[in-house]
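Engineer: Sharing a structure with you now.
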Amino acid sequence: MDSPAEAYPKRGRVILHIDMNAFYCSVHEAVEPEKYRGKPVAVAGSVELRRGIIVTSSYPARAKGVKTGMQVGQGLKLCPELIVIQPDFHLYRRFSRRFMEIAGSYSPLLEAVSIDECFLDITGSKQFGTPLAIASEIQSRILGDLQLPCSIGVAPNKLLAKIASDMKKPNGLTVLRRRDVPRLLWDKPCDTLYGVGRKTAEKLARLNIPTIGDLAKAELPLLTAEFGVLGAWLKQAAQGVDESPVNPVREASKSVGHTTTLPLDFTEPDDIRRVFLNLADQTARRMRRQGLVASTVSITIRDPNMKTITRALTLDMPTESFDVVYREACRLFEKHWPAGKPVRLLGITLMHLQPKAEAAFQLDLFDYEQQPKKEQLTETMDRIRDKFGESAILTAGMLGEDPSALIRNHKVRGTSLQMDHLRKGARDKESEK
């Protein structure tokens with residue numbers, strides 16, 4: 001039998017992709033097995049409204065045809081016994097942190113792709129055993145400690161590890177080597193490749209390149225002519241080549257943002273300003289948790305016809321203050337959106353972030369005197385909200401009936417791509433409750 005060291009390549013890497021199976025539903029089942037284990041369950045953004053969208057479904061529900069993206073009403077028609085649950089992002093973040101702590105105990109090179117999946121580079125982890133032994137142990141620990149199933153792909157790169165983890169669900173463990181690619185993948189459609197979307201696959205099909213094998217054999221000049229620099233990547237990916245590194249998750253954000261879809265068309269300035277006030281409050285707060293300041297404020301606006309625009313401005317000096325973010329967001333909106341034109345979605349994104357300790361501030365005499373007081377007030381308010389919740393301190397202008405007023409409710413608001421709970425320095429105290 002090979003020693004652990006002999007199970008690793010002399011040159012090259014060993015990458016795991018860990019993918020939690022039906023994560024949101026599995027978390028609810030782990031917490032309340034008597035209510036949900038083995039039953040058709042779906043998590044939906046709106047339980048009350050039958051037109052709410054299903055975010056994910058359990059495997060028993062999937063067996064009845066209930067799928068992600070389906071309306072709740074449609075899911076109930078297919079499966080009348082379907083149990084529909086509101087999302088609890090506090091709970092998901094807590095379990096996400098715990099399963100990534102288990103994975104991260106085998107290598108510091110962990111990259112979180114979303115709340116329920118990550119890459120792990122175990123090339124330097126020979127002391128823990130063979131790659132298969134490590135993958136099996138991680139899978140067993142996650143199931144034993146958290147009662148959550150996961151699928152793991154083992155491969156020489158991120159691309160093949162991701163594809164491998166999708167091959168056997170739930171609780172699968174799959175090894176995919178480059179030499180296996182022609183036999184296992186070349187007869188599959190191009191969108192089987194991680195990173196190849198439906199539109200790219202459709203364009204490839206129009207070029208008479210319907211399968212991964214056809215893509216691997218396609219002429220590079222044709223691909224670069226049609227897809228630019230993406231063409232070379234497509235051909236390499238079809239051959240199982242991927243040199244992208246595993247980037248640890250705990251790097252600072254490149255940007256921080258929030259968007260909110262409105263329940264109806266907004267046209268009144270007061271309503272729009274209230275939405276921006278709530279967005280600015282939580283976006284700046286997320287940024288401060290990471291010890292960052294922003295030099296650019298960007299807004300997103302979408303009309304009822306789904307036409308979307310973004311507009312941005314660079315600040316005179318970096319800021320961590322939500323009132324500056326709010327003021328500039330409103331100014332951008334008034335400059336770039338005609339008065340009275342209806343709005344269906346609004347967003348704020350803070351960009352060009354840098355650590356506060358490294359930022360250069362040029363203050364005039366008034367700001368020089370007032371800035372320490374403002375910073376002390378902001379820090380005090382953040383501590384109060386850390387301890388007593390996001391709604392402990394609000395301005396009257398933040399109150400309303402639209403979804404932006406719920407943005408502080410981290411239990412029901414969140415996305416699978418929001419990684420703040422994993423970053424070093426994050427202080428999401430409520431996630432521990």
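Going through the structure tokens in order, the chains are called A, B, and so on, while each chain numbers its residues from 1 and the ligands are numbered from 1 in the order shown.
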Determine which residues of segment 61-179 of chain A DSSP labels as helix (DSSP H, G or I) from the backbone of this structure, then write them out as a compact mmCIF listing (two decimals) with N, CA and C atoms, in the first residue's frame.
Structural biologist:
# COMPACT_ATOMS: atom_id res chain seq x y z
N ALA A 61 -38.34 16.11 -1.99
CA ALA A 61 -39.14 17.07 -2.77
C ALA A 61 -38.70 17.05 -4.23
N ARG A 62 -37.41 16.96 -4.47
CA ARG A 62 -36.91 16.92 -5.85
C ARG A 62 -37.43 15.69 -6.57
N ALA A 63 -37.58 14.59 -5.83
CA ALA A 63 -38.10 13.37 -6.44
C ALA A 63 -39.54 13.56 -6.93
N VAL A 72 -43.81 28.78 -5.49
CA VAL A 72 -44.33 27.93 -4.40
C VAL A 72 -45.62 27.24 -4.82
N GLY A 73 -46.52 27.99 -5.45
CA GLY A 73 -47.79 27.41 -5.88
C GLY A 73 -47.61 26.23 -6.81
N GLN A 74 -46.67 26.34 -7.73
CA GLN A 74 -46.39 25.26 -8.66
C GLN A 74 -45.82 24.05 -7.93
N GLY A 75 -44.93 24.30 -6.94
CA GLY A 75 -44.37 23.22 -6.17
C GLY A 75 -45.43 22.47 -5.37
N LEU A 76 -46.40 23.22 -4.82
CA LEU A 76 -47.48 22.59 -4.04
C LEU A 76 -48.41 21.78 -4.93
N LYS A 77 -48.56 22.17 -6.17
CA LYS A 77 -49.37 21.37 -7.10
C LYS A 77 -48.70 20.03 -7.38
N LEU A 78 -47.39 20.06 -7.56
CA LEU A 78 -46.66 18.82 -7.82
C LEU A 78 -46.57 17.94 -6.58
N PHE A 89 -31.19 32.88 7.61
CA PHE A 89 -29.79 33.03 7.23
C PHE A 89 -28.85 33.06 8.43
N HIS A 90 -29.36 33.43 9.61
CA HIS A 90 -28.55 33.30 10.82
C HIS A 90 -28.12 31.85 11.00
N LEU A 91 -29.08 30.97 10.86
CA LEU A 91 -28.83 29.54 11.04
C LEU A 91 -27.87 29.03 9.96
N TYR A 92 -28.10 29.43 8.71
CA TYR A 92 -27.25 28.95 7.62
C TYR A 92 -25.81 29.44 7.79
N ARG A 93 -25.66 30.70 8.20
CA ARG A 93 -24.31 31.23 8.38
C ARG A 93 -23.57 30.50 9.51
N ARG A 94 -24.31 30.15 10.56
CA ARG A 94 -23.68 29.44 11.67
C ARG A 94 -23.18 28.06 11.22
N PHE A 95 -24.00 27.34 10.48
CA PHE A 95 -23.59 26.02 10.00
C PHE A 95 -22.51 26.14 8.92
N SER A 96 -22.59 27.19 8.10
CA SER A 96 -21.56 27.42 7.09
C SER A 96 -20.20 27.61 7.74
N ARG A 97 -20.17 28.44 8.77
CA ARG A 97 -18.90 28.68 9.46
C ARG A 97 -18.36 27.38 10.06
N ARG A 98 -19.24 26.56 10.60
CA ARG A 98 -18.79 25.34 11.27
C ARG A 98 -18.27 24.30 10.27
N PHE A 99 -18.94 24.15 9.13
CA PHE A 99 -18.43 23.13 8.20
C PHE A 99 -17.12 23.61 7.55
N MET A 100 -16.98 24.93 7.37
CA MET A 100 -15.72 25.42 6.80
C MET A 100 -14.59 25.39 7.82
N GLU A 101 -14.92 25.48 9.09
CA GLU A 101 -13.89 25.30 10.12
C GLU A 101 -13.37 23.86 10.10
N ILE A 102 -14.25 22.90 9.89
CA ILE A 102 -13.82 21.51 9.79
C ILE A 102 -12.90 21.34 8.58
N ALA A 103 -13.32 21.84 7.42
CA ALA A 103 -12.50 21.73 6.21
C ALA A 103 -11.17 22.46 6.39
N GLY A 104 -11.23 23.65 6.98
CA GLY A 104 -10.03 24.47 7.14
C GLY A 104 -9.03 23.90 8.12
N LYS A 126 -0.10 16.30 3.55
CA LYS A 126 0.23 14.86 3.59
C LYS A 126 0.19 14.28 5.00
N GLN A 127 0.44 15.15 6.01
CA GLN A 127 0.48 14.65 7.39
C GLN A 127 -0.88 14.12 7.85
N PHE A 128 -1.94 14.48 7.13
CA PHE A 128 -3.28 14.03 7.52
C PHE A 128 -3.70 12.75 6.79
N PRO A 131 -5.13 11.82 -0.06
CA PRO A 131 -6.23 12.70 -0.44
C PRO A 131 -7.61 12.08 -0.20
N LEU A 132 -7.75 10.80 -0.55
CA LEU A 132 -9.04 10.13 -0.32
C LEU A 132 -9.36 10.01 1.16
N ALA A 133 -8.35 9.73 1.96
CA ALA A 133 -8.57 9.62 3.40
C ALA A 133 -9.01 10.97 3.98
N ILE A 134 -8.37 12.05 3.54
CA ILE A 134 -8.74 13.38 4.03
C ILE A 134 -10.17 13.72 3.62
N ALA A 135 -10.49 13.49 2.34
CA ALA A 135 -11.84 13.80 1.85
C ALA A 135 -12.89 13.00 2.62
N SER A 136 -12.61 11.72 2.82
CA SER A 136 -13.56 10.86 3.54
C SER A 136 -13.73 11.30 4.99
N GLU A 137 -12.61 11.71 5.61
CA GLU A 137 -12.68 12.15 7.00
C GLU A 137 -13.47 13.45 7.13
N ILE A 138 -13.24 14.39 6.21
CA ILE A 138 -14.01 15.65 6.23
C ILE A 138 -15.50 15.35 6.07
N GLN A 139 -15.82 14.49 5.13
CA GLN A 139 -17.22 14.15 4.89
C GLN A 139 -17.84 13.50 6.14
N SER A 140 -17.11 12.61 6.76
CA SER A 140 -17.62 11.92 7.96
C SER A 140 -17.79 12.90 9.12
N ARG A 141 -16.84 13.80 9.29
CA ARG A 141 -16.93 14.77 10.40
C ARG A 141 -18.11 15.72 10.20
N ILE A 142 -18.31 16.18 8.98
CA ILE A 142 -19.44 17.10 8.72
C ILE A 142 -20.76 16.38 8.99
N LEU A 143 -20.84 15.12 8.56
CA LEU A 143 -22.07 14.35 8.81
C LEU A 143 -22.23 14.03 10.29
N GLY A 144 -21.14 13.64 10.94
CA GLY A 144 -21.23 13.26 12.34
C GLY A 144 -21.44 14.44 13.28
N ASP A 145 -20.70 15.54 13.05
CA ASP A 145 -20.77 16.69 13.95
C ASP A 145 -21.97 17.58 13.68
N LEU A 146 -22.33 17.73 12.41
CA LEU A 146 -23.36 18.69 12.03
C LEU A 146 -24.62 18.05 11.49
N LYS A 158 -9.25 23.08 -9.68
CA LYS A 158 -10.57 23.51 -9.21
C LYS A 158 -11.68 23.10 -10.19
N LEU A 159 -11.42 23.24 -11.47
CA LEU A 159 -12.42 22.91 -12.47
C LEU A 159 -12.90 21.48 -12.34
N LEU A 160 -11.94 20.54 -12.32
CA LEU A 160 -12.31 19.12 -12.25
C LEU A 160 -12.86 18.75 -10.88
N ALA A 161 -12.39 19.40 -9.82
CA ALA A 161 -12.92 19.11 -8.49
C ALA A 161 -14.40 19.49 -8.41
N LYS A 162 -14.75 20.64 -8.99
CA LYS A 162 -16.15 21.09 -9.00
C LYS A 162 -17.02 20.11 -9.80
N ILE A 163 -16.55 19.72 -10.96
CA ILE A 163 -17.32 18.77 -11.78
C ILE A 163 -17.47 17.44 -11.04
N ALA A 164 -16.40 17.00 -10.39
CA ALA A 164 -16.44 15.72 -9.67
C ALA A 164 -17.45 15.73 -8.54
N SER A 165 -17.53 16.83 -7.80
CA SER A 165 -18.46 16.87 -6.67
C SER A 165 -19.91 16.82 -7.13
N ARG A 178 -7.16 14.13 -14.87
CA ARG A 178 -7.15 14.66 -16.23
C ARG A 178 -7.27 13.53 -17.25
N ARG A 179 -6.66 12.39 -16.97
CA ARG A 179 -6.72 11.29 -17.94
C ARG A 179 -8.13 10.71 -18.07
Engineer: Contacts of Gly340 of chain A at 8 Å or less, counting only C-alpha atoms, minus same-chain residues fewer than 2 places along, as a list in words?
Structural biologist: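 With the cut-off at 8 Å, the set is Thr267, Glu268, Pro338 and Pro342 of chain A.
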Engineer: From the list A:Glu202, A:Glu6, A:Asp214, A:Glu226, which residue is nearest Thr123 of chain A when using only C-alpha atoms?
Structural biologist: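 The shortest atom-to-atom distance to Thr123 of chain A comes from A:Glu6.
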Engineer: Atom CA of Val14 of chain A and atom CA of Leu215 of chain A, how far apart in Å?
Structural biologist: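 Separating atom CA of Leu215 of chain A from atom CA of Val14 of chain A is a distance of 25.1 Å.
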Engineer: As a VMD selection string, please: all residues of segment 273-338 of chain A that backbone DSSP puts in strand (DSSP E).
Structural biologist: chain A and resid 292 to 302 308 to 319
Engineer: Create the file for the chosen residues now, containing N, CA and C atoms and written as an mmCIF file, in the first residue's frame.
Structural biologist:
data_model
loop_
_atom_site.group_PDB
_atom_site.id
_atom_site.type_symbol
_atom_site.label_atom_id
_atom_site.label_comp_id
_atom_site.auth_asym_id
_atom_site.auth_seq_id
_atom_site.Cartn_x
_atom_site.Cartn_y
_atom_site.Cartn_z
ATOM 1 N N LEU A 292 -12.740 48.628 6.898
ATOM 2 C CA LEU A 292 -12.440 49.223 5.608
ATOM 3 C C LEU A 292 -13.107 50.584 5.443
ATOM 4 N N VAL A 293 -12.605 51.348 4.483
ATOM 5 C CA VAL A 293 -13.248 52.587 4.035
ATOM 6 C C VAL A 293 -13.348 52.538 2.523
ATOM 7 N N ALA A 294 -14.280 53.321 1.971
ATOM 8 C CA ALA A 294 -14.542 53.297 0.530
ATOM 9 C C ALA A 294 -14.190 54.632 -0.111
ATOM 10 N N SER A 295 -13.724 54.559 -1.343
ATOM 11 C CA SER A 295 -13.442 55.766 -2.112
ATOM 12 C C SER A 295 -14.450 55.990 -3.235
ATOM 13 N N THR A 296 -15.287 54.997 -3.522
ATOM 14 C CA THR A 296 -16.256 55.102 -4.610
ATOM 15 C C THR A 296 -17.615 54.607 -4.156
ATOM 16 N N VAL A 297 -18.661 55.357 -4.510
ATOM 17 C CA VAL A 297 -20.049 54.964 -4.260
ATOM 18 C C VAL A 297 -20.706 54.710 -5.612
ATOM 19 N N SER A 298 -21.340 53.554 -5.740
ATOM 20 C CA SER A 298 -22.045 53.199 -6.973
ATOM 21 C C SER A 298 -23.491 52.861 -6.642
ATOM 22 N N ILE A 299 -24.410 53.256 -7.510
ATOM 23 C CA ILE A 299 -25.814 52.883 -7.325
ATOM 24 C C ILE A 299 -26.286 52.060 -8.520
ATOM 25 N N THR A 300 -27.261 51.203 -8.267
ATOM 26 C CA THR A 300 -27.912 50.413 -9.306
ATOM 27 C C THR A 300 -29.394 50.763 -9.312
ATOM 28 N N ILE A 301 -29.936 50.973 -10.502
ATOM 29 C CA ILE A 301 -31.358 51.302 -10.653
ATOM 30 C C ILE A 301 -31.937 50.396 -11.735
ATOM 31 N N ARG A 302 -33.095 49.816 -11.466
ATOM 32 C CA ARG A 302 -33.782 48.992 -12.462
ATOM 33 C C ARG A 302 -35.217 49.461 -12.594
ATOM 34 N N THR A 308 -31.573 47.987 -16.546
ATOM 35 C CA THR A 308 -30.754 48.307 -15.375
ATOM 36 C C THR A 308 -29.609 49.241 -15.759
ATOM 37 N N ILE A 309 -29.378 50.238 -14.912
ATOM 38 C CA ILE A 309 -28.211 51.105 -15.096
ATOM 39 C C ILE A 309 -27.425 51.172 -13.788
ATOM 40 N N THR A 310 -26.132 51.414 -13.896
ATOM 41 C CA THR A 310 -25.293 51.680 -12.719
ATOM 42 C C THR A 310 -24.568 53.002 -12.950
ATOM 43 N N ARG A 311 -24.436 53.761 -11.886
ATOM 44 C CA ARG A 311 -23.715 55.026 -11.947
ATOM 45 C C ARG A 311 -22.845 55.136 -10.698
ATOM 46 N N ALA A 312 -21.665 55.738 -10.831
ATOM 47 C CA ALA A 312 -20.725 55.793 -9.712
ATOM 48 C C ALA A 312 -20.031 57.140 -9.667
ATOM 49 N N LEU A 313 -19.523 57.472 -8.491
ATOM 50 C CA LEU A 313 -18.699 58.665 -8.336
ATOM 51 C C LEU A 313 -17.587 58.373 -7.335
ATOM 52 N N THR A 314 -16.462 59.066 -7.520
ATOM 53 C CA THR A 314 -15.330 58.941 -6.610
ATOM 54 C C THR A 314 -15.374 60.073 -5.597
ATOM 55 N N LEU A 315 -15.233 59.710 -4.332
ATOM 56 C CA LEU A 315 -15.319 60.691 -3.247
ATOM 57 C C LEU A 315 -14.037 61.506 -3.144
ATOM 58 N N ASP A 316 -14.160 62.692 -2.556
ATOM 59 C CA ASP A 316 -12.974 63.530 -2.343
ATOM 60 C C ASP A 316 -11.993 62.866 -1.388
ATOM 61 N N MET A 317 -12.525 62.107 -0.420
ATOM 62 C CA MET A 317 -11.657 61.340 0.469
ATOM 63 C C MET A 317 -12.420 60.100 0.934
ATOM 64 N N PRO A 318 -11.715 59.031 1.315
ATOM 65 C CA PRO A 318 -12.378 57.786 1.713
ATOM 66 C C PRO A 318 -13.327 58.011 2.891
ATOM 67 N N THR A 319 -14.360 57.157 2.962
ATOM 68 C CA THR A 319 -15.337 57.299 4.039
ATOM 69 C C THR A 319 -15.764 55.941 4.568
#
Engineer: Would you mind listing what lies within 12 Å of Asn208 of chain A as a list in words, with only C-alpha atoms counted and same-chain residues fewer than 6 positions away left out?
Structural biologist: Pro189, Cys190, Ala201, Glu202, Asp214, Leu215, Lys217, Ala218, Glu219, Leu222 and Leu223 of chain A
Engineer: Near Ser255 of chain A, counting only C-alpha atoms, which residues have an atom at most 8 Å away, once you skip same-chain residues fewer than 4 positions from it, shown as a ChimeraX atom specification?
Structural biologist: /A:349-353
Engineer: Would you mind exporting C-alpha atoms of the selected residues as a PDB file, in the first residue's frame?
Structural biologist:
ATOM      1  CA  THR A 349     -22.207  49.274  -3.790  1.00  0.00           C
ATOM      2  CA  LEU A 350     -19.077  50.640  -2.095  1.00  0.00           C
ATOM      3  CA  MET A 351     -15.877  50.120  -4.094  1.00  0.00           C
ATOM      4  CA  HIS A 352     -12.155  50.861  -4.084  1.00  0.00           C
ATOM      5  CA  LEU A 353     -11.981  49.661  -0.494  1.00  0.00           C
TER       6      LEU A 353
END
Engineer: Show me, as number ranges by chain, the residues that have an atom within 9 Å of Lys188 of chain A when counting only C-alpha atoms, minus same-chain residues fewer than 6 positions from it.
Structural biologist: A: 210-213
Engineer: Ranking A:Thr130, A:Lys35, A:Asp323, A:Ala232 by minimum distance to Pro4 of chain A and counting only C-alpha atoms, which one comes first?
Structural biologist: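 Under the stated criterion, the closest residue is A:Thr130.
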Engineer: To one decimal place in Å, what is the distance between atom CA of Ser57 of chain A and atom CA of Pro263 of chain A?
Structural biologist: 24.7 Å
Engineer: Measuring between only C-alpha atoms, which one of A:Gln147, A:Asn157, A:Ser321, A:Thr200 shows the shortest distance to Met20 of chain A?
Structural biologist: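 For Met20 of chain A, the nearest of the candidates is A:Gln147.
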